[in-house]
Amino acid sequence: MHRDDDATVRKILTELGDTWAVVGLSTNRSRAAYGVAEVLRRYGKRVVPVHPKAEPVHGEQGYASLADIPFDVDVVDVFVNSELAGAVADEAVAKGAKGVWFQLGVVDEEAYERTRAAGLDMVMNRCPAIEIPRLG
C-alpha cells in the first residue's frame, strides 16, 4: 500500500522537523495519545497538544486548534476518529505543516488524497511509537 511505505514513514520521523502537533492529546494518561506523546518526546520531538480543553501536557502549552498555535508545526499527528480526521488534515495543510500522520485505526482515503495533492507527506493507520524503534 503506497501510503504506508517505510520510506515515507522514515521521512516524516527523521526529515520533516521536530515540532509535532498531537491532535487529541490531553492530560488523560489512559489515552493512547498520552503514551505516544511520551515516546515522541523521548526521541527528541517537541510535542504540542491540540485539544478543545487546551490543557498543558508534558510541560507544553496546549491549544484548542491547530490554527491557534502561534508558531510553525512540522508534523500533525491525528488521534481523532476517522470521521473528524479529514477536517484536521485540511487544517494541517492550512497551517503549513509538512506532514500528517493518522494514527492506528484512523483512515480517510479522500483526506489522504487531498493532503498529498497539497504537497504534504502522509501516512495512515500507523503509530509513530511503533515505527520509531522498528525503523531504528
# chains A, B, ... in the order shown; residues from 1 in each chain; ligands from 1
>>> select_by_dssp(residues="chain A", states="helix (DSSP H, G or I)", output="JSON list (two decimals) with C-alpha atoms, in the first residue's frame")
[["chain", "number", "residue", "atom", "x", "y", "z"],
["A", 2, "HIS", "CA", 1.62, 3.25, -1.16],
["A", 3, "ARG", "CA", 0.71, 5.34, 1.86],
["A", 4, "ASP", "CA", 2.36, 3.02, 4.35],
["A", 6, "ASP", "CA", 8.66, 2.72, 5.12],
["A", 7, "ALA", "CA", 10.41, 5.48, 3.16],
["A", 8, "THR", "CA", 7.55, 7.91, 3.86],
["A", 9, "VAL", "CA", 7.34, 6.82, 7.50],
["A", 10, "ARG", "CA", 11.09, 7.34, 7.91],
["A", 11, "LYS", "CA", 10.98, 10.72, 6.14],
["A", 12, "ILE", "CA", 8.21, 12.01, 8.41],
["A", 13, "LEU", "CA", 10.02, 10.76, 11.51],
["A", 14, "THR", "CA", 13.51, 11.96, 10.63],
["A", 32, "ALA", "CA", -3.10, 6.32, 23.58],
["A", 33, "ALA", "CA", -2.15, 9.88, 22.60],
["A", 34, "TYR", "CA", -0.60, 10.44, 26.03],
["A", 35, "GLY", "CA", 1.75, 7.46, 25.78],
["A", 36, "VAL", "CA", 2.66, 8.15, 22.15],
["A", 37, "ALA", "CA", 3.48, 11.75, 23.06],
["A", 38, "GLU", "CA", 5.88, 10.47, 25.72],
["A", 39, "VAL", "CA", 7.63, 8.29, 23.15],
["A", 40, "LEU", "CA", 7.89, 11.17, 20.67],
["A", 41, "ARG", "CA", 9.41, 13.36, 23.39],
["A", 42, "ARG", "CA", 11.95, 10.65, 24.27],
["A", 66, "LEU", "CA", -4.03, 23.96, 15.00],
["A", 67, "ALA", "CA", -4.85, 27.50, 13.88],
["A", 68, "ASP", "CA", -4.34, 28.72, 17.48],
["A", 82, "SER", "CA", -11.83, 8.85, 11.14],
["A", 83, "GLU", "CA", -14.98, 10.97, 10.71],
["A", 84, "LEU", "CA", -13.16, 14.00, 12.15],
["A", 85, "ALA", "CA", -9.69, 13.31, 10.78],
["A", 86, "GLY", "CA", -10.22, 14.75, 7.30],
["A", 87, "ALA", "CA", -11.00, 18.19, 8.68],
["A", 88, "VAL", "CA", -7.84, 18.02, 10.80],
["A", 89, "ALA", "CA", -5.78, 17.09, 7.73],
["A", 90, "ASP", "CA", -7.22, 20.13, 5.94],
["A", 91, "GLU", "CA", -6.27, 22.31, 8.93],
["A", 92, "ALA", "CA", -2.74, 20.87, 8.79],
["A", 93, "VAL", "CA", -2.47, 21.92, 5.14],
["A", 94, "ALA", "CA", -3.76, 25.40, 6.01],
["A", 95, "LYS", "CA", -1.28, 25.60, 8.90],
["A", 109, "GLU", "CA", -8.83, 7.96, 1.78],
["A", 110, "GLU", "CA", -10.19, 11.28, 0.50],
["A", 111, "ALA", "CA", -8.28, 13.25, 3.12],
["A", 112, "TYR", "CA", -5.15, 11.30, 2.18],
["A", 113, "GLU", "CA", -5.56, 12.24, -1.49],
["A", 114, "ARG", "CA", -6.24, 15.93, -0.67],
["A", 115, "THR", "CA", -3.29, 16.14, 1.68],
["A", 116, "ARG", "CA", -0.87, 14.50, -0.76],
["A", 117, "ALA", "CA", -2.20, 16.72, -3.57],
["A", 128, "PRO", "CA", 4.99, 6.52, 15.45],
["A", 129, "ALA", "CA", 5.65, 4.90, 18.82],
["A", 130, "ILE", "CA", 5.82, 1.56, 16.97],
["A", 131, "GLU", "CA", 7.61, 2.85, 13.88],
["A", 132, "ILE", "CA", 10.44, 4.81, 15.55],
["A", 133, "PRO", "CA", 12.02, 1.79, 17.26],
["A", 134, "ARG", "CA", 11.23, -0.50, 14.30],
["A", 135, "LEU", "CA", 12.98, 1.73, 11.78]]
>>> residues_around(residues="Asp72 of chain A", least_positions_apart="5", cutoff="9 Å", atoms="only C-alpha atoms", output="compact mmCIF listing (two decimals) with all heavy atoms, in the first residue's frame")
# COMPACT_ATOMS: atom_id res chain seq x y z
N THR A 19 8.88 19.54 15.48
CA THR A 19 7.72 20.10 16.16
C THR A 19 6.47 19.38 15.68
O THR A 19 6.07 19.51 14.53
CB THR A 19 7.60 21.62 15.92
OG1 THR A 19 8.80 22.25 16.38
CG2 THR A 19 6.41 22.19 16.68
N LYS A 95 -2.28 25.18 7.92
CA LYS A 95 -1.28 25.60 8.90
C LYS A 95 0.12 25.64 8.30
O LYS A 95 1.02 26.28 8.83
CB LYS A 95 -1.33 24.64 10.11
CG LYS A 95 -0.34 24.92 11.21
CD LYS A 95 -0.70 26.17 11.98
CE LYS A 95 0.32 26.42 13.08
NZ LYS A 95 0.34 27.82 13.51
N GLY A 96 0.32 24.92 7.20
CA GLY A 96 1.63 24.88 6.58
C GLY A 96 2.51 23.74 7.07
O GLY A 96 3.73 23.77 6.91
N ALA A 97 1.90 22.72 7.66
CA ALA A 97 2.66 21.56 8.11
C ALA A 97 3.28 20.85 6.90
O ALA A 97 2.83 21.01 5.77
CB ALA A 97 1.75 20.60 8.88
>>> residues_around(residues="Gly105 of chain A", least_positions_apart="6", cutoff="10 Å", atoms="only C-alpha atoms", output="VMD selection string")
chain A and resid 79 to 82 124 to 127
>>> write_last_selection(atoms="C-alpha atoms", output="short mmCIF file (atom, residue, chain, number, x, y, z; two decimals), in the first residue's frame")
data_model
loop_
_atom_site.label_atom_id
_atom_site.label_comp_id
_atom_site.auth_asym_id
_atom_site.auth_seq_id
_atom_site.Cartn_x
_atom_site.Cartn_y
_atom_site.Cartn_z
CA PHE A 79 -5.68 10.98 17.34
CA VAL A 80 -9.30 11.65 16.48
CA ASN A 81 -11.76 9.24 14.90
CA SER A 82 -11.83 8.85 11.14
CA MET A 124 -2.43 6.48 7.72
CA ASN A 125 -3.25 3.75 10.19
CA ARG A 126 0.26 3.61 11.70
CA CYS A 127 1.73 4.57 15.08
#
>>> closest_residue(among="A:Val50, A:Val123, A:Leu16, A:Val22", to="Val78 of chain A", atoms="only C-alpha atoms")
A:Val22
>>> select_by_dssp(residues="chain A", states="strand (DSSP E or B)", output="MDAnalysis selection string")
chainID A and resid 19:23 46:50 57 60 63 75:78 99:102 121:123
>>> write_last_selection(atoms="N, CA and C atoms", output="mmCIF file, in the first residue's frame")
data_model
loop_
_atom_site.group_PDB
_atom_site.id
_atom_site.type_symbol
_atom_site.label_atom_id
_atom_site.label_comp_id
_atom_site.auth_asym_id
_atom_site.auth_seq_id
_atom_site.Cartn_x
_atom_site.Cartn_y
_atom_site.Cartn_z
ATOM 1 N N THR A 19 8.879 19.538 15.477
ATOM 2 C CA THR A 19 7.718 20.101 16.165
ATOM 3 C C THR A 19 6.470 19.378 15.680
ATOM 4 N N TRP A 20 5.916 18.570 16.582
ATOM 5 C CA TRP A 20 4.740 17.751 16.269
ATOM 6 C C TRP A 20 3.536 18.258 17.055
ATOM 7 N N ALA A 21 2.475 18.601 16.345
ATOM 8 C CA ALA A 21 1.202 18.900 16.995
ATOM 9 C C ALA A 21 0.438 17.585 17.100
ATOM 10 N N VAL A 22 0.032 17.228 18.307
ATOM 11 C CA VAL A 22 -0.694 15.976 18.512
ATOM 12 C C VAL A 22 -2.154 16.321 18.801
ATOM 13 N N VAL A 23 -3.011 16.101 17.791
ATOM 14 C CA VAL A 23 -4.420 16.464 17.885
ATOM 15 C C VAL A 23 -5.156 15.347 18.620
ATOM 16 N N ARG A 46 9.375 17.941 19.882
ATOM 17 C CA ARG A 46 8.581 18.881 20.679
ATOM 18 C C ARG A 46 7.125 18.542 20.409
ATOM 19 N N VAL A 47 6.395 18.168 21.447
ATOM 20 C CA VAL A 47 5.014 17.724 21.295
ATOM 21 C C VAL A 47 4.073 18.822 21.781
ATOM 22 N N VAL A 48 3.263 19.326 20.858
ATOM 23 C CA VAL A 48 2.325 20.403 21.153
ATOM 24 C C VAL A 48 0.916 19.814 21.206
ATOM 25 N N PRO A 49 0.273 19.860 22.388
ATOM 26 C CA PRO A 49 -1.070 19.292 22.495
ATOM 27 C C PRO A 49 -2.132 20.168 21.823
ATOM 28 N N VAL A 50 -3.021 19.507 21.066
ATOM 29 C CA VAL A 50 -4.151 20.200 20.458
ATOM 30 C C VAL A 50 -5.408 19.450 20.905
ATOM 31 N N VAL A 57 0.308 19.750 28.530
ATOM 32 C CA VAL A 57 0.630 18.336 28.687
ATOM 33 C C VAL A 57 2.134 18.197 28.556
ATOM 34 N N GLU A 60 4.135 21.338 27.993
ATOM 35 C CA GLU A 60 3.968 22.137 26.770
ATOM 36 C C GLU A 60 2.547 22.696 26.737
ATOM 37 N N TYR A 63 -3.291 23.902 22.888
ATOM 38 C CA TYR A 63 -4.077 24.818 22.060
ATOM 39 C C TYR A 63 -5.365 24.128 21.644
ATOM 40 N N VAL A 75 4.837 18.453 11.780
ATOM 41 C CA VAL A 75 4.016 17.267 11.558
ATOM 42 C C VAL A 75 2.776 17.352 12.444
ATOM 43 N N VAL A 76 1.641 16.955 11.905
ATOM 44 C CA VAL A 76 0.402 16.890 12.671
ATOM 45 C C VAL A 76 0.039 15.420 12.838
ATOM 46 N N ASP A 77 0.038 14.968 14.096
ATOM 47 C CA ASP A 77 -0.272 13.583 14.454
ATOM 48 C C ASP A 77 -1.717 13.562 14.947
ATOM 49 N N VAL A 78 -2.563 12.743 14.285
ATOM 50 C CA VAL A 78 -4.010 12.846 14.462
ATOM 51 C C VAL A 78 -4.573 11.659 15.247
ATOM 52 N N GLY A 99 3.906 17.401 7.124
ATOM 53 C CA GLY A 99 3.450 16.024 7.140
ATOM 54 C C GLY A 99 2.243 15.838 8.034
ATOM 55 N N VAL A 100 1.463 14.805 7.716
ATOM 56 C CA VAL A 100 0.298 14.436 8.520
ATOM 57 C C VAL A 100 0.400 12.947 8.817
ATOM 58 N N TRP A 101 0.121 12.605 10.055
ATOM 59 C CA TRP A 101 0.190 11.212 10.486
ATOM 60 C C TRP A 101 -1.144 10.833 11.102
ATOM 61 N N PHE A 102 -1.865 9.908 10.461
ATOM 62 C CA PHE A 102 -3.106 9.388 11.017
ATOM 63 C C PHE A 102 -2.758 8.132 11.810
ATOM 64 N N ASP A 121 3.631 15.100 2.989
ATOM 65 C CA ASP A 121 3.815 13.668 3.190
ATOM 66 C C ASP A 121 2.762 13.201 4.186
ATOM 67 N N MET A 122 2.302 11.953 4.016
ATOM 68 C CA MET A 122 1.265 11.471 4.918
ATOM 69 C C MET A 122 1.302 9.956 5.032
ATOM 70 N N VAL A 123 1.020 9.476 6.233
ATOM 71 C CA VAL A 123 0.774 8.054 6.447
ATOM 72 C C VAL A 123 -0.529 7.918 7.218
#
>>> residues_around(residues="Thr27 of chain A", least_positions_apart="2", cutoff="9 Å", atoms="only C-alpha atoms", output="list in words")
Leu25, Arg29, Ser30, Arg31, Tyr34, Glu55, Pro56, Val57 and His58 of chain A
>>> write_last_selection(atoms="all heavy atoms", output="short mmCIF file (atom, residue, chain, number, x, y, z; two decimals), in the first residue's frame")
data_model
loop_
_atom_site.label_atom_id
_atom_site.label_comp_id
_atom_site.auth_asym_id
_atom_site.auth_seq_id
_atom_site.Cartn_x
_atom_site.Cartn_y
_atom_site.Cartn_z
N LEU A 25 -4.51 15.15 22.05
CA LEU A 25 -3.69 14.94 23.24
C LEU A 25 -4.21 15.79 24.40
O LEU A 25 -4.32 17.00 24.30
CB LEU A 25 -2.22 15.32 22.96
CG LEU A 25 -1.26 15.26 24.13
CD1 LEU A 25 -1.20 13.88 24.77
CD2 LEU A 25 0.13 15.70 23.69
N ARG A 29 -4.10 10.25 31.04
CA ARG A 29 -2.99 9.31 30.88
C ARG A 29 -3.40 7.97 30.31
O ARG A 29 -2.57 7.21 29.83
CB ARG A 29 -2.31 9.09 32.24
CG ARG A 29 -1.59 10.32 32.75
CD ARG A 29 -1.09 10.09 34.18
NE ARG A 29 -0.44 11.28 34.68
CZ ARG A 29 0.88 11.50 34.57
NH1 ARG A 29 1.64 10.61 33.98
NH2 ARG A 29 1.40 12.60 35.04
N SER A 30 -4.69 7.64 30.36
CA SER A 30 -5.14 6.34 29.85
C SER A 30 -5.34 6.35 28.33
O SER A 30 -5.55 5.30 27.73
CB SER A 30 -6.44 5.92 30.55
OG SER A 30 -7.49 6.78 30.19
N ARG A 31 -5.27 7.51 27.70
CA ARG A 31 -5.46 7.61 26.26
C ARG A 31 -4.15 7.30 25.53
O ARG A 31 -3.07 7.65 25.99
CB ARG A 31 -5.93 9.01 25.86
CG ARG A 31 -7.25 9.46 26.47
CD ARG A 31 -8.41 8.68 25.95
NE ARG A 31 -8.48 8.76 24.50
CZ ARG A 31 -9.58 8.94 23.82
NH1 ARG A 31 -10.73 9.06 24.43
NH2 ARG A 31 -9.54 8.99 22.50
N TYR A 34 -1.49 10.06 24.94
CA TYR A 34 -0.60 10.44 26.03
C TYR A 34 0.70 9.63 25.98
O TYR A 34 1.80 10.17 26.07
CB TYR A 34 -1.31 10.26 27.38
CG TYR A 34 -0.59 10.93 28.52
CD1 TYR A 34 -0.86 12.25 28.86
CD2 TYR A 34 0.36 10.25 29.27
CE1 TYR A 34 -0.21 12.88 29.90
CE2 TYR A 34 1.02 10.87 30.31
CZ TYR A 34 0.74 12.18 30.63
OH TYR A 34 1.40 12.80 31.66
N GLU A 55 -5.27 22.13 27.41
CA GLU A 55 -4.51 21.93 28.64
C GLU A 55 -3.03 21.75 28.34
O GLU A 55 -2.68 21.16 27.31
CB GLU A 55 -4.96 20.65 29.35
CG GLU A 55 -6.44 20.53 29.59
CD GLU A 55 -6.84 19.09 29.96
OE1 GLU A 55 -6.64 18.17 29.14
OE2 GLU A 55 -7.35 18.92 31.08
N PRO A 56 -2.16 22.21 29.25
CA PRO A 56 -0.75 21.87 29.09
C PRO A 56 -0.55 20.37 29.34
O PRO A 56 -1.18 19.80 30.23
CB PRO A 56 -0.04 22.67 30.18
CG PRO A 56 -1.05 23.64 30.71
CD PRO A 56 -2.40 23.09 30.38
N VAL A 57 0.31 19.75 28.53
CA VAL A 57 0.63 18.34 28.69
C VAL A 57 2.13 18.20 28.56
O VAL A 57 2.74 18.79 27.65
CB VAL A 57 -0.07 17.47 27.61
CG1 VAL A 57 0.25 15.99 27.83
CG2 VAL A 57 -1.57 17.70 27.61
N HIS A 58 2.73 17.41 29.44
CA HIS A 58 4.19 17.21 29.42
C HIS A 58 4.91 18.56 29.42
O HIS A 58 5.96 18.71 28.78
CB HIS A 58 4.62 16.40 28.19
CG HIS A 58 4.03 15.03 28.11
ND1 HIS A 58 4.19 14.08 29.10
CD2 HIS A 58 3.30 14.43 27.14
CE1 HIS A 58 3.58 12.97 28.74
NE2 HIS A 58 3.02 13.15 27.57
#
>>> atom_distance(atom1="atom CA of Leu104 of chain A", atom2="atom CA of Phe71 of chain A")
27.0 Å
